[in-house]
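A quick write-up on the structure given underneath.
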Amino acid sequence: MEKFYYSKEGKTIIYQIGKYLYTIKGKPVAFLSEGAVFTINGHLLGYYGDGWIRDKRNNAVMFTDNCSGAGPIPPIHEIPPIPAIPSIPPIPPIPPVPSFNWSSISAEDFFVN
(Lines give C-alpha, C1' and ligand atoms only; values in the text may rest on other atoms or scores of the structure.)
Protein backbone atom coordinates (compact mmCIF):
# COMPACT_ATOMS: atom_id res chain seq x y z
CA MET A 1 0.00 0.00 0.00
CA GLU A 2 1.30 3.43 -0.82
CA LYS A 3 2.00 6.21 1.66
CA PHE A 4 1.33 9.79 0.52
CA TYR A 5 3.48 12.81 1.37
CA TYR A 6 2.02 16.32 1.48
CA SER A 7 3.52 19.81 1.23
CA LYS A 8 3.17 22.52 3.89
CA GLU A 9 0.16 23.73 1.87
CA GLY A 10 -1.48 20.29 2.14
CA LYS A 11 -0.97 19.39 -1.52
CA THR A 12 -0.21 15.76 -2.41
CA ILE A 13 3.38 15.70 -3.71
CA ILE A 14 4.66 12.13 -3.84
CA TYR A 15 3.85 8.63 -2.71
CA GLN A 16 6.00 5.83 -1.38
CA ILE A 17 6.01 2.15 -2.31
CA GLY A 18 8.68 0.20 -0.48
CA LYS A 19 11.82 2.33 -0.35
CA TYR A 20 11.00 4.33 -3.52
CA LEU A 21 9.26 7.71 -3.83
CA TYR A 22 7.19 8.41 -6.95
CA THR A 23 5.49 11.44 -8.44
CA ILE A 24 1.72 11.19 -8.71
CA LYS A 25 2.28 10.37 -12.40
CA GLY A 26 4.31 7.29 -11.37
CA LYS A 27 7.86 8.49 -12.07
CA PRO A 28 10.45 7.31 -9.51
CA VAL A 29 12.27 10.36 -8.11
CA ALA A 30 14.01 9.23 -4.93
CA PHE A 31 14.64 6.38 -2.54
CA LEU A 32 14.92 6.06 1.22
CA SER A 33 17.87 4.43 2.92
CA GLU A 34 18.90 4.41 6.58
CA GLY A 35 17.08 7.62 7.50
CA ALA A 36 18.16 9.56 4.41
CA VAL A 37 16.44 10.54 1.14
CA PHE A 38 18.48 10.19 -2.06
CA THR A 39 17.78 11.01 -5.70
CA ILE A 40 17.52 7.98 -7.95
CA ASN A 41 21.14 8.77 -8.92
CA GLY A 42 22.24 8.59 -5.27
CA HIS A 43 22.62 12.28 -4.31
CA LEU A 44 21.54 13.19 -0.78
CA LEU A 45 18.37 15.30 -0.68
CA GLY A 46 17.63 15.22 3.06
CA TYR A 47 16.33 12.96 5.79
CA TYR A 48 13.16 11.10 6.75
CA GLY A 49 11.62 9.70 9.90
CA ASP A 50 8.47 9.85 12.03
CA GLY A 51 6.38 10.58 8.93
CA TRP A 52 8.45 13.61 7.88
CA ILE A 53 10.77 14.30 4.97
CA ARG A 54 13.29 16.98 5.88
CA ASP A 55 15.90 18.98 3.98
CA LYS A 56 19.65 18.78 4.61
CA ARG A 57 19.26 21.29 7.48
CA ASN A 58 16.56 19.03 9.01
CA ASN A 59 13.72 21.47 8.31
CA ALA A 60 10.36 19.89 7.46
CA VAL A 61 9.54 19.73 3.73
CA MET A 62 6.76 17.10 3.57
CA PHE A 63 4.63 15.07 5.94
CA THR A 64 2.45 11.95 5.99
CA ASP A 65 -0.82 11.24 7.75
CA ASN A 66 1.06 9.55 10.58
CA CYS A 67 3.74 12.19 11.22
CA SER A 68 4.78 12.60 14.83
CA GLY A 69 7.53 14.02 16.98
CA ALA A 70 9.20 17.38 16.50
CA GLY A 71 7.94 19.43 13.59
CA PRO A 72 5.54 22.16 12.57
CA ILE A 73 1.78 21.67 12.83
CA PRO A 74 0.76 19.98 9.58
CA PRO A 75 -2.20 21.49 7.71
CA ILE A 76 -5.32 19.63 6.70
CA HIS A 77 -4.33 18.07 3.39
CA GLU A 78 -6.24 17.42 0.20
CA ILE A 79 -7.64 14.01 -0.62
CA PRO A 80 -4.82 12.32 -2.53
CA PRO A 81 -5.46 11.48 -6.18
CA ILE A 82 -5.25 7.95 -7.47
CA PRO A 83 -1.59 7.54 -8.39
CA ALA A 84 -0.50 6.27 -11.78
CA ILE A 85 1.00 2.82 -12.09
CA PRO A 86 4.62 3.38 -11.12
CA SER A 87 7.41 2.81 -13.58
CA ILE A 88 10.22 0.51 -12.58
CA PRO A 89 13.03 2.35 -10.77
CA PRO A 90 16.37 2.24 -12.56
CA ILE A 91 18.72 -0.56 -11.65
CA PRO A 92 21.87 0.73 -9.96
CA PRO A 93 24.85 0.61 -12.31
CA ILE A 94 27.09 -2.43 -12.15
CA PRO A 95 30.66 -1.36 -11.43
CA PRO A 96 33.26 -2.22 -14.04
CA VAL A 97 35.76 -5.00 -13.47
CA PRO A 98 38.63 -3.76 -11.26
CA SER A 99 41.71 -2.76 -13.25
CA PHE A 100 45.42 -2.90 -12.48
CA ASN A 101 45.85 0.84 -13.28
CA TRP A 102 45.99 3.93 -11.11
CA SER A 103 43.23 6.47 -11.73
CA SER A 104 43.92 9.81 -13.40
CA ILE A 105 41.87 11.37 -10.57
CA SER A 106 44.02 12.44 -7.63
CA ALA A 107 43.13 11.31 -4.12
CA GLU A 108 42.58 14.98 -3.19
CA ASP A 109 40.10 15.48 -6.07
CA PHE A 110 38.24 12.18 -5.68
CA PHE A 111 35.40 13.58 -3.52
CA VAL A 112 35.13 16.87 -5.42
CA ASN A 113 32.50 16.93 -8.17
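Just remember, in the C-alpha coordinates the first chain shown is A, the second B, etc., residues are 1-based per chain, and ligands are 1-based in the order shown.
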
Compile the contact shell of segment 21-23 of chain A as a PyMOL selection string: residues with an atom at most 10 Å away, counting only C-alpha atoms, same-chain residues fewer than 5 positions apart removed. chain A and resi 2-5+12-16+28-32+37-40+83-87+89

What does the structure give for the distance between atom CA of Asn41 of chain A and atom CA of Pro98 of chain A, in Å to one decimal?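 A separation of 21.6 Å between them.
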
Quick one: of A:Pro96, A:Gly10, A:Gly71, A:Pro80, who's nearest to Asn59 of chain A, counting only C-alpha atoms?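 Of all the options, A:Gly71 lies closest to Asn59 of chain A.
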
List every residue of segment 10-94 of chain A that DSSP, applied to the backbone of this structure, places in strand (DSSP E or B), and write the result as a tab-separated table (two decimals) with all heavy atoms, in the first residue's frame.
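Done, and the output landed in out-v1.tsv:
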chain	number	residue	atom	x	y	z
A	12	THR	N	-0.85	17.07	-2.25
A	12	THR	CA	-0.21	15.76	-2.41
A	12	THR	C	0.97	15.91	-3.37
A	12	THR	O	0.82	16.40	-4.48
A	12	THR	CB	-1.20	14.74	-3.00
A	12	THR	OG1	-2.38	14.74	-2.20
A	12	THR	CG2	-0.60	13.35	-3.02
A	13	ILE	N	2.16	15.51	-2.92
A	13	ILE	CA	3.38	15.70	-3.71
A	13	ILE	C	3.89	14.38	-4.28
A	13	ILE	O	4.14	14.27	-5.47
A	13	ILE	CB	4.48	16.37	-2.86
A	13	ILE	CG1	3.99	17.71	-2.30
A	13	ILE	CG2	5.77	16.54	-3.65
A	13	ILE	CD1	3.65	18.75	-3.36
A	14	ILE	N	4.09	13.41	-3.43
A	14	ILE	CA	4.66	12.13	-3.84
A	14	ILE	C	3.99	11.00	-3.06
A	14	ILE	O	3.27	11.25	-2.10
A	14	ILE	CB	6.19	12.07	-3.62
A	14	ILE	CG1	6.54	12.34	-2.17
A	14	ILE	CG2	6.94	12.98	-4.56
A	14	ILE	CD1	7.98	12.11	-1.82
A	15	TYR	N	4.27	9.78	-3.49
A	15	TYR	CA	3.85	8.63	-2.71
A	15	TYR	C	5.00	7.63	-2.66
A	15	TYR	O	5.92	7.67	-3.47
A	15	TYR	CB	2.56	8.01	-3.25
A	15	TYR	CG	2.63	7.39	-4.62
A	15	TYR	CD1	2.81	6.02	-4.78
A	15	TYR	CD2	2.51	8.17	-5.76
A	15	TYR	CE1	2.86	5.44	-6.03
A	15	TYR	CE2	2.55	7.60	-7.02
A	15	TYR	CZ	2.74	6.24	-7.15
A	15	TYR	OH	2.78	5.66	-8.39
A	16	GLN	N	4.93	6.79	-1.65
A	16	GLN	CA	6.00	5.83	-1.38
A	16	GLN	C	5.46	4.41	-1.55
A	16	GLN	O	4.40	4.08	-1.05
A	16	GLN	CB	6.50	6.02	0.05
A	16	GLN	CG	7.55	5.04	0.48
A	16	GLN	CD	7.93	5.21	1.94
A	16	GLN	OE1	7.61	6.20	2.57
A	16	GLN	NE2	8.62	4.22	2.48
A	17	ILE	N	6.23	3.60	-2.25
A	17	ILE	CA	6.01	2.15	-2.31
A	17	ILE	C	7.36	1.52	-1.99
A	17	ILE	O	8.33	1.75	-2.72
A	17	ILE	CB	5.49	1.68	-3.68
A	17	ILE	CG1	4.13	2.31	-4.00
A	17	ILE	CG2	5.41	0.16	-3.72
A	17	ILE	CD1	3.59	1.95	-5.36
A	20	TYR	N	10.99	3.34	-2.43
A	20	TYR	CA	11.00	4.33	-3.52
A	20	TYR	C	9.90	5.37	-3.37
A	20	TYR	O	8.80	5.07	-2.91
A	20	TYR	CB	10.87	3.63	-4.87
A	20	TYR	CG	12.09	2.83	-5.22
A	20	TYR	CD1	12.13	1.47	-5.02
A	20	TYR	CD2	13.23	3.46	-5.71
A	20	TYR	CE1	13.26	0.73	-5.31
A	20	TYR	CE2	14.37	2.73	-6.01
A	20	TYR	CZ	14.38	1.38	-5.80
A	20	TYR	OH	15.50	0.66	-6.08
A	21	LEU	N	10.21	6.60	-3.79
A	21	LEU	CA	9.26	7.71	-3.83
A	21	LEU	C	8.95	8.02	-5.28
A	21	LEU	O	9.86	8.11	-6.11
A	21	LEU	CB	9.84	8.95	-3.15
A	21	LEU	CG	10.22	8.79	-1.67
A	21	LEU	CD1	10.86	10.07	-1.15
A	21	LEU	CD2	9.02	8.40	-0.84
A	22	TYR	N	7.66	8.18	-5.59
A	22	TYR	CA	7.19	8.41	-6.95
A	22	TYR	C	6.38	9.70	-7.02
A	22	TYR	O	5.69	10.05	-6.07
A	22	TYR	CB	6.26	7.26	-7.39
A	22	TYR	CG	6.91	5.91	-7.44
A	22	TYR	CD1	6.96	5.10	-6.32
A	22	TYR	CD2	7.46	5.43	-8.62
A	22	TYR	CE1	7.55	3.85	-6.37
A	22	TYR	CE2	8.04	4.18	-8.68
A	22	TYR	CZ	8.09	3.39	-7.54
A	22	TYR	OH	8.67	2.15	-7.60
A	23	THR	N	6.41	10.34	-8.20
A	23	THR	CA	5.49	11.44	-8.44
A	23	THR	C	4.10	10.84	-8.59
A	23	THR	O	3.95	9.63	-8.78
A	23	THR	CB	5.84	12.21	-9.73
A	23	THR	OG1	5.64	11.34	-10.85
A	23	THR	CG2	7.26	12.74	-9.72
A	28	PRO	N	9.61	7.41	-10.71
A	28	PRO	CA	10.45	7.31	-9.51
A	28	PRO	C	11.39	8.51	-9.43
A	28	PRO	O	12.04	8.87	-10.41
A	28	PRO	CB	11.22	6.00	-9.71
A	28	PRO	CG	11.22	5.76	-11.19
A	28	PRO	CD	9.97	6.41	-11.72
A	29	VAL	N	11.43	9.17	-8.26
A	29	VAL	CA	12.27	10.36	-8.11
A	29	VAL	C	13.30	10.24	-7.00
A	29	VAL	O	14.28	10.98	-7.00
A	29	VAL	CB	11.41	11.63	-7.89
A	29	VAL	CG1	10.64	11.99	-9.14
A	29	VAL	CG2	10.48	11.48	-6.70
A	30	ALA	N	13.08	9.33	-6.06
A	30	ALA	CA	14.01	9.23	-4.93
A	30	ALA	C	13.83	7.87	-4.26
A	30	ALA	O	12.88	7.14	-4.53
A	30	ALA	CB	13.75	10.35	-3.93
A	31	PHE	N	14.78	7.58	-3.37
A	31	PHE	CA	14.64	6.38	-2.54
A	31	PHE	C	15.09	6.70	-1.13
A	31	PHE	O	15.83	7.66	-0.89
A	31	PHE	CB	15.41	5.18	-3.13
A	31	PHE	CG	16.90	5.31	-3.13
A	31	PHE	CD1	17.66	4.83	-2.07
A	31	PHE	CD2	17.56	5.90	-4.20
A	31	PHE	CE1	19.05	4.93	-2.08
A	31	PHE	CE2	18.94	6.01	-4.21
A	31	PHE	CZ	19.69	5.53	-3.15
A	32	LEU	N	14.61	5.89	-0.20
A	32	LEU	CA	14.92	6.06	1.22
A	32	LEU	C	15.91	4.99	1.65
A	32	LEU	O	15.77	3.83	1.26
A	32	LEU	CB	13.64	5.94	2.05
A	32	LEU	CG	12.47	6.82	1.63
A	32	LEU	CD1	11.24	6.49	2.47
A	32	LEU	CD2	12.82	8.28	1.76
A	33	SER	N	16.89	5.40	2.43
A	33	SER	CA	17.87	4.43	2.92
A	33	SER	C	18.46	4.93	4.23
A	33	SER	O	19.01	6.03	4.29
A	33	SER	CB	18.99	4.24	1.89
A	33	SER	OG	19.96	3.33	2.37
A	36	ALA	N	17.84	8.49	5.36
A	36	ALA	CA	18.16	9.56	4.41
A	36	ALA	C	17.34	9.39	3.14
A	36	ALA	O	16.89	8.30	2.81
A	36	ALA	CB	19.65	9.55	4.08
A	37	VAL	N	17.15	10.52	2.43
A	37	VAL	CA	16.44	10.54	1.14
A	37	VAL	C	17.46	10.86	0.07
A	37	VAL	O	18.20	11.85	0.18
A	37	VAL	CB	15.33	11.62	1.13
A	37	VAL	CG1	14.58	11.60	-0.19
A	37	VAL	CG2	14.39	11.45	2.31
A	38	PHE	N	17.53	10.02	-0.97
A	38	PHE	CA	18.48	10.19	-2.06
A	38	PHE	C	17.74	10.28	-3.39
A	38	PHE	O	16.70	9.65	-3.57
A	38	PHE	CB	19.43	8.98	-2.14
A	38	PHE	CG	20.29	8.82	-0.92
A	38	PHE	CD1	19.89	8.00	0.13
A	38	PHE	CD2	21.51	9.47	-0.83
A	38	PHE	CE1	20.69	7.84	1.24
A	38	PHE	CE2	22.32	9.32	0.28
A	38	PHE	CZ	21.91	8.51	1.33
A	39	THR	N	18.30	11.04	-4.34
A	39	THR	CA	17.78	11.01	-5.70
A	39	THR	C	17.99	9.60	-6.24
A	39	THR	O	18.78	8.82	-5.69
A	39	THR	CB	18.50	12.01	-6.62
A	39	THR	OG1	19.87	11.59	-6.77
A	39	THR	CG2	18.44	13.43	-6.11
A	44	LEU	N	22.30	12.93	-2.00
A	44	LEU	CA	21.54	13.19	-0.78
A	44	LEU	C	20.62	14.39	-0.95
A	44	LEU	O	21.05	15.47	-1.36
A	44	LEU	CB	22.50	13.45	0.39
A	44	LEU	CG	21.83	13.79	1.72
A	44	LEU	CD1	21.09	12.57	2.28
A	44	LEU	CD2	22.88	14.29	2.71
A	45	LEU	N	19.34	14.20	-0.65
A	45	LEU	CA	18.37	15.30	-0.68
A	45	LEU	C	18.05	15.78	0.73
A	45	LEU	O	17.81	16.96	0.95
A	45	LEU	CB	17.06	14.83	-1.32
A	45	LEU	CG	17.11	14.51	-2.80
A	45	LEU	CD1	15.82	13.85	-3.25
A	45	LEU	CD2	17.38	15.78	-3.59
A	46	GLY	N	18.00	14.87	1.68
A	46	GLY	CA	17.63	15.22	3.06
A	46	GLY	C	17.44	13.96	3.87
A	46	GLY	O	18.08	12.94	3.61
A	47	TYR	N	16.50	14.04	4.83
A	47	TYR	CA	16.33	12.96	5.79
A	47	TYR	C	14.84	12.63	5.95
A	47	TYR	O	13.98	13.42	5.58
A	47	TYR	CB	16.93	13.36	7.13
A	47	TYR	CG	18.37	13.78	6.96
A	47	TYR	CD1	18.72	15.12	6.85
A	47	TYR	CD2	19.37	12.83	6.86
A	47	TYR	CE1	20.03	15.51	6.64
A	47	TYR	CE2	20.69	13.21	6.66
A	47	TYR	CZ	21.01	14.54	6.56
A	47	TYR	OH	22.30	14.90	6.35
A	48	TYR	N	14.55	11.46	6.49
A	48	TYR	CA	13.16	11.10	6.75
A	48	TYR	C	13.07	10.36	8.07
A	48	TYR	O	14.04	9.76	8.55
A	48	TYR	CB	12.58	10.23	5.62
A	48	TYR	CG	13.02	8.78	5.66
A	48	TYR	CD1	12.22	7.82	6.26
A	48	TYR	CD2	14.22	8.38	5.11
A	48	TYR	CE1	12.63	6.50	6.32
A	48	TYR	CE2	14.63	7.07	5.15
A	48	TYR	CZ	13.83	6.13	5.76
A	48	TYR	OH	14.23	4.83	5.82
A	49	GLY	N	11.90	10.42	8.67
A	49	GLY	CA	11.62	9.70	9.90
A	49	GLY	C	10.39	10.27	10.57
A	49	GLY	O	10.06	11.45	10.39
A	52	TRP	N	7.98	12.34	8.44
A	52	TRP	CA	8.45	13.61	7.88
A	52	TRP	C	9.54	13.36	6.85
A	52	TRP	O	10.35	12.45	7.01
A	52	TRP	CB	9.06	14.50	8.98
A	52	TRP	CG	8.09	14.95	10.01
A	52	TRP	CD1	7.88	14.39	11.23
A	52	TRP	CD2	7.23	16.07	9.93
A	52	TRP	NE1	6.93	15.09	11.91
A	52	TRP	CE2	6.51	16.14	11.14
A	52	TRP	CE3	6.98	17.03	8.95
A	52	TRP	CZ2	5.56	17.12	11.39
A	52	TRP	CZ3	6.04	18.02	9.21
A	52	TRP	CH2	5.34	18.05	10.41
A	53	ILE	N	9.60	14.20	5.83
A	53	ILE	CA	10.77	14.30	4.97
A	53	ILE	C	11.33	15.68	5.23
A	53	ILE	O	10.60	16.68	5.23
A	53	ILE	CB	10.42	14.11	3.48
A	53	ILE	CG1	10.08	12.65	3.23
A	53	ILE	CG2	11.60	14.55	2.59
A	53	ILE	CD1	9.77	12.30	1.79
A	54	ARG	N	12.63	15.74	5.49
A	54	ARG	CA	13.29	16.98	5.88
A	54	ARG	C	14.43	17.30	4.93
A	54	ARG	O	14.99	16.40	4.33
A	54	ARG	CB	13.81	16.87	7.31
A	54	ARG	CG	12.67	16.63	8.31
A	54	ARG	CD	13.20	16.40	9.72
A	54	ARG	NE	12.13	16.25	10.67
A	54	ARG	CZ	11.51	17.25	11.28
A	54	ARG	NH1	11.86	18.49	11.04
A	54	ARG	NH2	10.53	17.02	12.12
A	55	ASP	N	14.79	18.57	4.83
A	55	ASP	CA	15.90	18.98	3.98
A	55	ASP	C	17.22	18.67	4.67
A	55	ASP	O	17.24	18.10	5.77
A	55	ASP	CB	15.76	20.45	3.56
A	55	ASP	CG	15.85	21.43	4.72
A	55	ASP	OD1	16.32	21.07	5.83
A	55	ASP	OD2	15.43	22.59	4.54
A	60	ALA	N	11.44	20.68	8.06
A	60	ALA	CA	10.36	19.89	7.46
A	60	ALA	C	10.05	20.38	6.05
A	60	ALA	O	9.95	21.58	5.80
A	60	ALA	CB	9.12	19.98	8.33
A	61	VAL	N	9.91	19.44	5.11
A	61	VAL	CA	9.54	19.73	3.73
A	61	VAL	C	8.20	19.09	3.41
A	61	VAL	O	7.35	19.72	2.77
A	61	VAL	CB	10.62	19.20	2.74
A	61	VAL	CG1	10.21	19.43	1.30
A	61	VAL	CG2	11.96	19.84	3.02
A	62	MET	N	7.98	17.85	3.85
A	62	MET	CA	6.76	17.10	3.57
A	62	MET	C	6.38	16.27	4.79
A	62	MET	O	7.23	15.98	5.63
A	62	MET	CB	6.96	16.17	2.38
A	62	MET	CG	7.08	16.88	1.06
A	62	MET	SD	7.43	15.71	-0.26
A	62	MET	CE	9.17	16.03	-0.49
A	63	PHE	N	5.11	15.88	4.83
A	63	PHE	CA	4.63	15.07	5.94
A	63	PHE	C	3.65	14.01	5.44
A	63	PHE	O	3.13	14.10	4.33
A	63	PHE	CB	3.96	15.95	7.00
A	63	PHE	CG	2.67	16.58	6.54
A	63	PHE	CD1	1.45	15.99	6.85
A	63	PHE	CD2	2.66	17.74	5.78
A	63	PHE	CE1	0.25	16.56	6.42
A	63	PHE	CE2	1.48	18.32	5.35
A	63	PHE	CZ	0.27	17.72	5.67

Pairwise distance for atom CA of Glu108 of chain A and atom CA of Arg57 of chain A, rounded to one decimal in Å: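 Distance reported for this atom pair: 26.4 Å.
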
One number please: atom CA of Ile76 of chain A to atom CA of Lys25 of chain A, in Å, one decimal.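 Taking atom CA of Ile76 of chain A and atom CA of Lys25 of chain A, their separation equals 22.5 Å.
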